[in-house]
$ cat run.txt   # compact mmCIF, N, CA and C atoms
# COMPACT_ATOMS: atom_id res chain seq x y z
N GLN A 280 116.22 102.40 101.37
CA GLN A 280 115.41 103.62 101.47
C GLN A 280 115.14 104.19 100.09
N VAL A 281 113.98 104.78 99.97
CA VAL A 281 113.58 105.45 98.74
C VAL A 281 113.18 106.88 99.09
N GLN A 282 113.66 107.82 98.33
CA GLN A 282 113.26 109.22 98.51
C GLN A 282 112.42 109.67 97.32
N LEU A 283 111.36 110.37 97.62
CA LEU A 283 110.46 110.88 96.59
C LEU A 283 110.34 112.40 96.75
N VAL A 284 110.55 113.12 95.67
CA VAL A 284 110.47 114.58 95.72
C VAL A 284 109.51 115.07 94.64
N GLU A 285 108.44 115.73 95.07
CA GLU A 285 107.45 116.25 94.14
C GLU A 285 107.79 117.67 93.73
N SER A 286 107.29 118.06 92.57
CA SER A 286 107.41 119.43 92.10
C SER A 286 106.26 119.73 91.15
N GLY A 287 106.04 121.02 90.89
CA GLY A 287 105.07 121.40 89.87
C GLY A 287 103.75 121.93 90.38
N GLY A 288 103.56 121.94 91.70
CA GLY A 288 102.32 122.49 92.22
C GLY A 288 102.27 123.99 92.04
N GLY A 289 101.10 124.56 92.33
CA GLY A 289 100.97 126.00 92.21
C GLY A 289 99.52 126.43 92.20
N PHE A 290 99.32 127.66 91.77
CA PHE A 290 97.99 128.27 91.74
C PHE A 290 97.53 128.35 90.30
N VAL A 291 96.29 127.95 90.05
CA VAL A 291 95.75 127.98 88.70
C VAL A 291 94.26 128.26 88.76
N GLN A 292 93.75 128.89 87.75
CA GLN A 292 92.30 129.13 87.67
C GLN A 292 91.58 127.87 87.20
N ALA A 293 90.34 127.75 87.57
CA ALA A 293 89.53 126.62 87.13
C ALA A 293 89.56 126.53 85.60
N GLY A 294 89.69 125.30 85.11
CA GLY A 294 89.81 125.08 83.69
C GLY A 294 91.24 125.03 83.19
N GLY A 295 92.17 125.42 84.05
CA GLY A 295 93.57 125.43 83.68
C GLY A 295 94.24 124.08 83.85
N SER A 296 95.56 124.08 83.65
CA SER A 296 96.34 122.85 83.69
C SER A 296 97.58 123.03 84.55
N LEU A 297 98.02 121.92 85.14
CA LEU A 297 99.29 121.85 85.84
C LEU A 297 99.89 120.47 85.59
N ARG A 298 101.20 120.40 85.68
CA ARG A 298 101.89 119.12 85.54
C ARG A 298 102.77 118.91 86.75
N LEU A 299 102.47 117.84 87.49
CA LEU A 299 103.27 117.48 88.65
C LEU A 299 104.31 116.44 88.25
N SER A 300 105.44 116.50 88.92
CA SER A 300 106.48 115.50 88.71
C SER A 300 106.95 114.97 90.05
N CYS A 301 107.40 113.73 90.05
CA CYS A 301 107.93 113.09 91.25
C CYS A 301 109.20 112.34 90.86
N ALA A 302 110.30 112.74 91.45
CA ALA A 302 111.58 112.09 91.18
C ALA A 302 111.93 111.15 92.31
N ALA A 303 112.23 109.91 91.97
CA ALA A 303 112.61 108.90 92.96
C ALA A 303 114.12 108.73 92.98
N SER A 304 114.66 108.56 94.17
CA SER A 304 116.10 108.30 94.31
C SER A 304 116.30 107.32 95.45
N GLY A 305 117.52 106.87 95.60
CA GLY A 305 117.80 105.87 96.62
C GLY A 305 117.75 104.49 96.01
N ARG A 306 117.07 103.58 96.69
CA ARG A 306 117.00 102.20 96.22
C ARG A 306 115.92 102.07 95.15
N ILE A 307 116.11 102.79 94.07
CA ILE A 307 115.07 102.88 93.06
C ILE A 307 114.90 101.59 92.28
N PHE A 308 115.86 100.68 92.37
CA PHE A 308 115.72 99.44 91.63
C PHE A 308 114.60 98.57 92.19
N VAL A 309 114.14 98.91 93.43
CA VAL A 309 113.08 98.11 94.01
C VAL A 309 111.70 98.66 93.68
N ILE A 310 111.66 99.82 93.04
CA ILE A 310 110.38 100.47 92.78
C ILE A 310 109.65 99.77 91.64
N SER A 311 108.40 99.46 91.86
CA SER A 311 107.58 98.94 90.78
C SER A 311 106.49 99.96 90.46
N ALA A 312 105.37 99.88 91.17
CA ALA A 312 104.29 100.83 90.92
C ALA A 312 104.55 102.13 91.65
N MET A 313 104.05 103.20 91.09
CA MET A 313 104.08 104.51 91.74
C MET A 313 102.71 105.14 91.60
N GLY A 314 102.44 106.09 92.47
CA GLY A 314 101.12 106.69 92.41
C GLY A 314 101.08 108.09 92.97
N TRP A 315 99.96 108.73 92.75
CA TRP A 315 99.68 110.05 93.30
C TRP A 315 98.45 109.97 94.19
N TYR A 316 98.56 110.56 95.35
CA TYR A 316 97.44 110.72 96.27
C TYR A 316 97.25 112.22 96.48
N ARG A 317 96.12 112.58 97.05
CA ARG A 317 95.90 113.98 97.41
C ARG A 317 95.09 114.07 98.70
N GLN A 318 95.30 115.17 99.39
CA GLN A 318 94.56 115.41 100.62
C GLN A 318 94.10 116.86 100.64
N ALA A 319 92.80 117.02 100.61
CA ALA A 319 92.21 118.35 100.69
C ALA A 319 92.00 118.74 102.15
N PRO A 320 91.91 120.01 102.44
CA PRO A 320 91.70 120.44 103.83
C PRO A 320 90.49 119.78 104.45
N GLY A 321 90.69 119.19 105.63
CA GLY A 321 89.59 118.57 106.34
C GLY A 321 89.13 117.23 105.80
N LYS A 322 89.85 116.70 104.82
CA LYS A 322 89.45 115.42 104.22
C LYS A 322 90.56 114.40 104.34
N GLN A 323 90.21 113.15 104.14
CA GLN A 323 91.20 112.08 104.18
C GLN A 323 92.01 112.06 102.88
N ARG A 324 93.20 111.50 102.98
CA ARG A 324 94.01 111.34 101.78
C ARG A 324 93.35 110.33 100.87
N GLU A 325 93.33 110.62 99.57
CA GLU A 325 92.68 109.74 98.61
C GLU A 325 93.59 109.45 97.43
N LEU A 326 93.39 108.28 96.86
CA LEU A 326 94.18 107.87 95.70
C LEU A 326 93.70 108.63 94.46
N VAL A 327 94.64 109.14 93.69
CA VAL A 327 94.32 109.85 92.46
C VAL A 327 94.61 108.99 91.24
N ALA A 328 95.82 108.44 91.16
CA ALA A 328 96.21 107.65 89.99
C ALA A 328 97.41 106.80 90.34
N THR A 329 97.54 105.67 89.65
CA THR A 329 98.70 104.80 89.81
C THR A 329 99.21 104.38 88.44
N ILE A 330 100.49 104.00 88.42
CA ILE A 330 101.08 103.46 87.21
C ILE A 330 102.02 102.33 87.61
N SER A 331 101.89 101.21 86.93
CA SER A 331 102.71 100.05 87.25
C SER A 331 104.04 100.11 86.51
N ARG A 332 104.92 99.17 86.83
CA ARG A 332 106.21 99.08 86.15
C ARG A 332 105.99 98.88 84.65
N GLY A 333 104.93 98.18 84.31
CA GLY A 333 104.61 97.94 82.92
C GLY A 333 103.74 99.01 82.30
N ASP A 334 103.57 100.13 83.03
CA ASP A 334 102.84 101.30 82.55
C ASP A 334 101.33 101.11 82.48
N SER A 335 100.79 100.14 83.20
CA SER A 335 99.34 100.06 83.36
C SER A 335 98.91 101.15 84.33
N THR A 336 97.78 101.78 84.06
CA THR A 336 97.34 102.92 84.87
C THR A 336 95.95 102.71 85.45
N THR A 337 95.72 103.33 86.58
CA THR A 337 94.39 103.39 87.18
C THR A 337 94.14 104.82 87.62
N TYR A 338 92.86 105.20 87.67
CA TYR A 338 92.49 106.57 88.04
C TYR A 338 91.27 106.56 88.95
N ALA A 339 91.22 107.53 89.84
CA ALA A 339 89.99 107.78 90.58
C ALA A 339 88.93 108.26 89.60
N ASP A 340 87.69 107.91 89.88
CA ASP A 340 86.60 108.32 88.98
C ASP A 340 86.54 109.84 88.82
N SER A 341 86.89 110.55 89.88
CA SER A 341 86.77 112.00 89.87
C SER A 341 87.76 112.68 88.93
N VAL A 342 88.80 111.96 88.50
CA VAL A 342 89.81 112.59 87.63
C VAL A 342 89.91 111.94 86.26
N LYS A 343 89.16 110.87 86.04
CA LYS A 343 89.21 110.18 84.74
C LYS A 343 88.85 111.14 83.62
N GLY A 344 89.65 111.08 82.57
CA GLY A 344 89.42 111.95 81.42
C GLY A 344 90.04 113.32 81.55
N ARG A 345 90.54 113.65 82.75
CA ARG A 345 91.16 114.97 82.96
C ARG A 345 92.63 114.86 83.34
N PHE A 346 93.00 113.82 84.06
CA PHE A 346 94.37 113.62 84.53
C PHE A 346 95.01 112.45 83.78
N ILE A 347 96.30 112.56 83.55
CA ILE A 347 97.06 111.47 82.95
C ILE A 347 98.34 111.26 83.75
N ILE A 348 98.56 110.02 84.18
CA ILE A 348 99.79 109.66 84.87
C ILE A 348 100.73 108.98 83.89
N SER A 349 102.01 109.31 83.98
CA SER A 349 102.99 108.71 83.08
C SER A 349 104.32 108.63 83.82
N ARG A 350 105.27 107.86 83.25
CA ARG A 350 106.58 107.81 83.86
C ARG A 350 107.63 107.84 82.76
N ASP A 351 108.79 108.38 83.09
CA ASP A 351 109.87 108.47 82.12
C ASP A 351 110.38 107.07 81.79
N SER A 352 111.06 106.97 80.66
CA SER A 352 111.55 105.67 80.21
C SER A 352 112.50 105.05 81.21
N GLY A 353 113.22 105.86 81.98
CA GLY A 353 114.10 105.33 83.02
C GLY A 353 113.36 104.87 84.24
N LYS A 354 112.05 105.13 84.28
CA LYS A 354 111.14 104.66 85.34
C LYS A 354 111.34 105.36 86.67
N ASN A 355 112.24 106.34 86.76
CA ASN A 355 112.51 106.94 88.06
C ASN A 355 111.73 108.21 88.32
N THR A 356 111.05 108.71 87.32
CA THR A 356 110.26 109.93 87.47
C THR A 356 108.85 109.68 86.97
N VAL A 357 107.88 110.08 87.76
CA VAL A 357 106.49 109.92 87.38
C VAL A 357 105.86 111.30 87.30
N HIS A 358 104.95 111.47 86.37
CA HIS A 358 104.30 112.76 86.15
C HIS A 358 102.79 112.61 86.28
N LEU A 359 102.15 113.72 86.60
CA LEU A 359 100.69 113.77 86.61
C LEU A 359 100.27 115.02 85.85
N GLN A 360 99.78 114.82 84.65
CA GLN A 360 99.26 115.93 83.85
C GLN A 360 97.81 116.15 84.25
N MET A 361 97.52 117.35 84.72
CA MET A 361 96.18 117.66 85.21
C MET A 361 95.58 118.75 84.34
N ASP A 362 94.54 118.41 83.63
CA ASP A 362 93.84 119.36 82.76
C ASP A 362 92.42 119.59 83.27
N SER A 363 91.80 120.65 82.76
CA SER A 363 90.42 120.98 83.15
C SER A 363 90.26 120.96 84.67
N LEU A 364 91.18 121.60 85.34
CA LEU A 364 91.18 121.58 86.80
C LEU A 364 89.93 122.25 87.37
N LYS A 365 89.47 121.68 88.47
CA LYS A 365 88.29 122.17 89.16
C LYS A 365 88.66 122.64 90.56
N PHE A 366 87.81 123.46 91.13
CA PHE A 366 88.06 123.94 92.49
C PHE A 366 88.27 122.77 93.44
N GLU A 367 87.49 121.71 93.25
CA GLU A 367 87.57 120.57 94.15
C GLU A 367 88.85 119.74 93.97
N ASP A 368 89.68 120.08 93.00
CA ASP A 368 90.98 119.43 92.87
C ASP A 368 92.02 120.06 93.80
N THR A 369 91.65 121.15 94.46
CA THR A 369 92.56 121.80 95.39
C THR A 369 92.95 120.84 96.51
N ALA A 370 94.25 120.64 96.67
CA ALA A 370 94.74 119.68 97.67
C ALA A 370 96.26 119.69 97.68
N VAL A 371 96.81 119.04 98.68
CA VAL A 371 98.23 118.71 98.64
C VAL A 371 98.36 117.35 97.95
N TYR A 372 99.20 117.29 96.95
CA TYR A 372 99.37 116.07 96.16
C TYR A 372 100.67 115.39 96.59
N TYR A 373 100.56 114.09 96.87
CA TYR A 373 101.68 113.31 97.37
C TYR A 373 102.03 112.20 96.38
N CYS A 374 103.31 112.00 96.20
CA CYS A 374 103.82 110.88 95.43
C CYS A 374 103.99 109.70 96.38
N HIS A 375 103.76 108.50 95.89
CA HIS A 375 103.80 107.31 96.75
C HIS A 375 104.34 106.11 95.98
N THR A 376 105.09 105.28 96.68
CA THR A 376 105.45 103.97 96.17
C THR A 376 105.49 102.99 97.33
N ASN A 377 105.40 101.73 97.03
CA ASN A 377 105.22 100.72 98.07
C ASN A 377 105.99 99.45 97.74
N PRO A 378 107.32 99.56 97.57
CA PRO A 378 108.08 98.37 97.24
C PRO A 378 108.17 97.41 98.42
N TYR A 379 107.90 96.16 98.17
CA TYR A 379 107.97 95.11 99.19
C TYR A 379 107.10 95.44 100.41
N GLY A 380 106.01 96.14 100.20
CA GLY A 380 105.07 96.43 101.27
C GLY A 380 105.45 97.58 102.18
N VAL A 381 106.52 98.29 101.86
CA VAL A 381 106.95 99.43 102.67
C VAL A 381 106.50 100.72 101.96
N ASP A 382 105.77 101.54 102.68
CA ASP A 382 105.26 102.78 102.10
C ASP A 382 106.30 103.89 102.16
N TYR A 383 106.45 104.57 101.03
CA TYR A 383 107.29 105.77 100.95
C TYR A 383 106.44 106.89 100.37
N TRP A 384 106.56 108.05 101.00
CA TRP A 384 105.80 109.23 100.59
C TRP A 384 106.73 110.41 100.36
N GLY A 385 106.36 111.24 99.39
CA GLY A 385 107.02 112.53 99.28
C GLY A 385 106.42 113.49 100.28
N LYS A 386 106.98 114.70 100.35
CA LYS A 386 106.48 115.70 101.29
C LYS A 386 105.24 116.41 100.79
N GLY A 387 104.95 116.26 99.51
CA GLY A 387 103.74 116.84 98.94
C GLY A 387 103.98 118.16 98.25
N THR A 388 103.08 118.47 97.31
CA THR A 388 103.12 119.75 96.63
C THR A 388 101.69 120.27 96.55
N LEU A 389 101.53 121.55 96.86
CA LEU A 389 100.20 122.14 96.96
C LEU A 389 99.68 122.58 95.60
N VAL A 390 98.46 122.17 95.31
CA VAL A 390 97.75 122.62 94.11
C VAL A 390 96.52 123.40 94.57
N THR A 391 96.43 124.63 94.13
CA THR A 391 95.30 125.48 94.48
C THR A 391 94.59 125.90 93.21
N VAL A 392 93.30 125.59 93.12
CA VAL A 392 92.51 125.93 91.95
C VAL A 392 91.45 126.95 92.37
N SER A 393 91.48 128.09 91.75
CA SER A 393 90.50 129.13 92.08
C SER A 393 89.24 128.93 91.25
N SER A 394 88.12 129.19 91.90
CA SER A 394 86.83 128.99 91.20
C SER A 394 86.45 130.23 90.41

$ encode --input "run.txt" --output "structure tokens"
Amino acid sequence: QVQLVESGGGFVQAGGSLRLSCAASGRIFVISAMGWYRQAPGKQRELVATISRGDSTTYADSVKGRFIISRDSGKNTVHLQMDSLKFEDTAVYYCHTNPYGVDYWGKGTLVTVSS
């Protein structure tokens, strides 16, 4: 089992910044890639960014140039630095990993951006 706990959500004005963190525990030795997804009210959950064990990253087009995903040297904590936030970034943000094809999700952290 893997447990994921997100933190760092909150309320921010458009143009502001927030930094999300996700701490992994449990069978963390099986974790390779980690990622962030988000789900806005009335919309499907969407991929925001991923980072591999080797620190290769991918981003949704909507956040490229504004968000940066990173992980600590111990590989057990992943961060999402979000700059130049927009109203449309408002969503619940979820941490995710998929070791050996098994999906693990955190409970999510709410990010609210005022226009």

$ atom_distance --input "run.txt" --atom1 "atom CA of Ile347 of chain A" --atom2 "atom N of Val392 of chain A"
17.8 Å

$ select_by_dssp --input "run.txt" --residues "chain A" --states "helix (DSSP H, G or I)" --output "PyMOL selection string"
chain A and resi 307-309+366-368+378-380

$ atom_distance --input "run.txt" --atom1 "atom CA of Gly387 of chain A" --atom2 "atom CA of Gly321 of chain A"
16.1 Å

$ closest_residue --input "run.txt" --among "A:Thr337, A:Ser286, A:Ser394, A:Ser363" --to "Ala303 of chain A" --atoms "only C-alpha atoms"
A:Ser286

$ atom_distance --input "run.txt" --atom1 "atom CA of Leu389 of chain A" --atom2 "atom C of Leu326 of chain A"
15.2 Å

$ build_atoms --input "run.txt" --residues "segment 343-354 of chain A" --atoms "all heavy atoms" --output "short mmCIF file (atom, residue, chain, number, x, y, z; two decimals), in the coordinates of the input"
data_model
loop_
_atom_site.label_atom_id
_atom_site.label_comp_id
_atom_site.auth_asym_id
_atom_site.auth_seq_id
_atom_site.Cartn_x
_atom_site.Cartn_y
_atom_site.Cartn_z
N LYS A 343 89.16 110.87 86.04
CA LYS A 343 89.21 110.18 84.74
C LYS A 343 88.85 111.14 83.62
O LYS A 343 87.88 111.90 83.72
CB LYS A 343 88.25 108.99 84.74
CG LYS A 343 88.77 107.77 85.47
CD LYS A 343 87.77 106.63 85.41
CE LYS A 343 88.28 105.41 86.16
NZ LYS A 343 87.29 104.31 86.19
N GLY A 344 89.65 111.08 82.57
CA GLY A 344 89.42 111.95 81.42
C GLY A 344 90.04 113.32 81.55
O GLY A 344 90.06 114.09 80.59
N ARG A 345 90.54 113.65 82.75
CA ARG A 345 91.16 114.97 82.96
C ARG A 345 92.63 114.86 83.34
O ARG A 345 93.42 115.74 83.01
CB ARG A 345 90.41 115.74 84.06
CG ARG A 345 88.95 115.97 83.77
CD ARG A 345 88.31 116.89 84.81
NE ARG A 345 88.35 116.34 86.16
CZ ARG A 345 88.95 116.93 87.19
NH1 ARG A 345 89.57 118.07 87.04
NH2 ARG A 345 88.92 116.36 88.40
N PHE A 346 93.00 113.82 84.06
CA PHE A 346 94.37 113.62 84.53
C PHE A 346 95.01 112.45 83.78
O PHE A 346 94.33 111.47 83.45
CB PHE A 346 94.41 113.31 86.03
CG PHE A 346 94.03 114.45 86.93
CD1 PHE A 346 93.46 115.62 86.45
CD2 PHE A 346 94.23 114.34 88.30
CE1 PHE A 346 93.12 116.66 87.29
CE2 PHE A 346 93.89 115.37 89.16
CZ PHE A 346 93.33 116.53 88.65
N ILE A 347 96.30 112.56 83.55
CA ILE A 347 97.06 111.47 82.95
C ILE A 347 98.34 111.26 83.75
O ILE A 347 99.11 112.21 83.95
CB ILE A 347 97.41 111.76 81.48
CG1 ILE A 347 96.14 111.87 80.64
CG2 ILE A 347 98.31 110.65 80.92
CD1 ILE A 347 96.39 112.28 79.20
N ILE A 348 98.56 110.02 84.18
CA ILE A 348 99.79 109.66 84.87
C ILE A 348 100.73 108.98 83.89
O ILE A 348 100.29 108.21 83.02
CB ILE A 348 99.51 108.76 86.09
CG1 ILE A 348 100.76 108.57 86.94
CG2 ILE A 348 98.91 107.43 85.67
CD1 ILE A 348 100.50 107.88 88.28
N SER A 349 102.01 109.31 83.98
CA SER A 349 102.99 108.71 83.08
C SER A 349 104.32 108.63 83.82
O SER A 349 104.49 109.24 84.89
CB SER A 349 103.14 109.54 81.81
OG SER A 349 103.61 110.85 82.12
N ARG A 350 105.27 107.86 83.25
CA ARG A 350 106.58 107.81 83.86
C ARG A 350 107.63 107.84 82.76
O ARG A 350 107.40 107.39 81.65
CB ARG A 350 106.74 106.62 84.79
CG ARG A 350 106.56 105.26 84.19
CD ARG A 350 106.31 104.17 85.24
NE ARG A 350 107.35 104.06 86.25
CZ ARG A 350 107.25 103.25 87.31
NH1 ARG A 350 106.18 102.51 87.48
NH2 ARG A 350 108.23 103.18 88.19
N ASP A 351 108.79 108.38 83.09
CA ASP A 351 109.87 108.47 82.12
C ASP A 351 110.38 107.07 81.79
O ASP A 351 110.21 106.14 82.56
CB ASP A 351 111.01 109.32 82.67
CG ASP A 351 110.63 110.78 82.76
OD1 ASP A 351 109.57 111.15 82.23
OD2 ASP A 351 111.41 111.55 83.37
N SER A 352 111.06 106.97 80.66
CA SER A 352 111.55 105.67 80.21
C SER A 352 112.50 105.05 81.21
O SER A 352 112.59 103.84 81.33
CB SER A 352 112.24 105.80 78.84
OG SER A 352 113.32 106.72 78.94
N GLY A 353 113.22 105.86 81.98
CA GLY A 353 114.10 105.33 83.02
C GLY A 353 113.36 104.87 84.24
O GLY A 353 113.96 104.29 85.16
N LYS A 354 112.05 105.13 84.28
CA LYS A 354 111.14 104.66 85.34
C LYS A 354 111.34 105.36 86.67
O LYS A 354 110.68 105.02 87.64
CB LYS A 354 111.25 103.15 85.55
CG LYS A 354 111.09 102.33 84.28
CD LYS A 354 109.70 102.44 83.70
CE LYS A 354 109.55 101.50 82.50
NZ LYS A 354 108.21 101.63 81.87
#
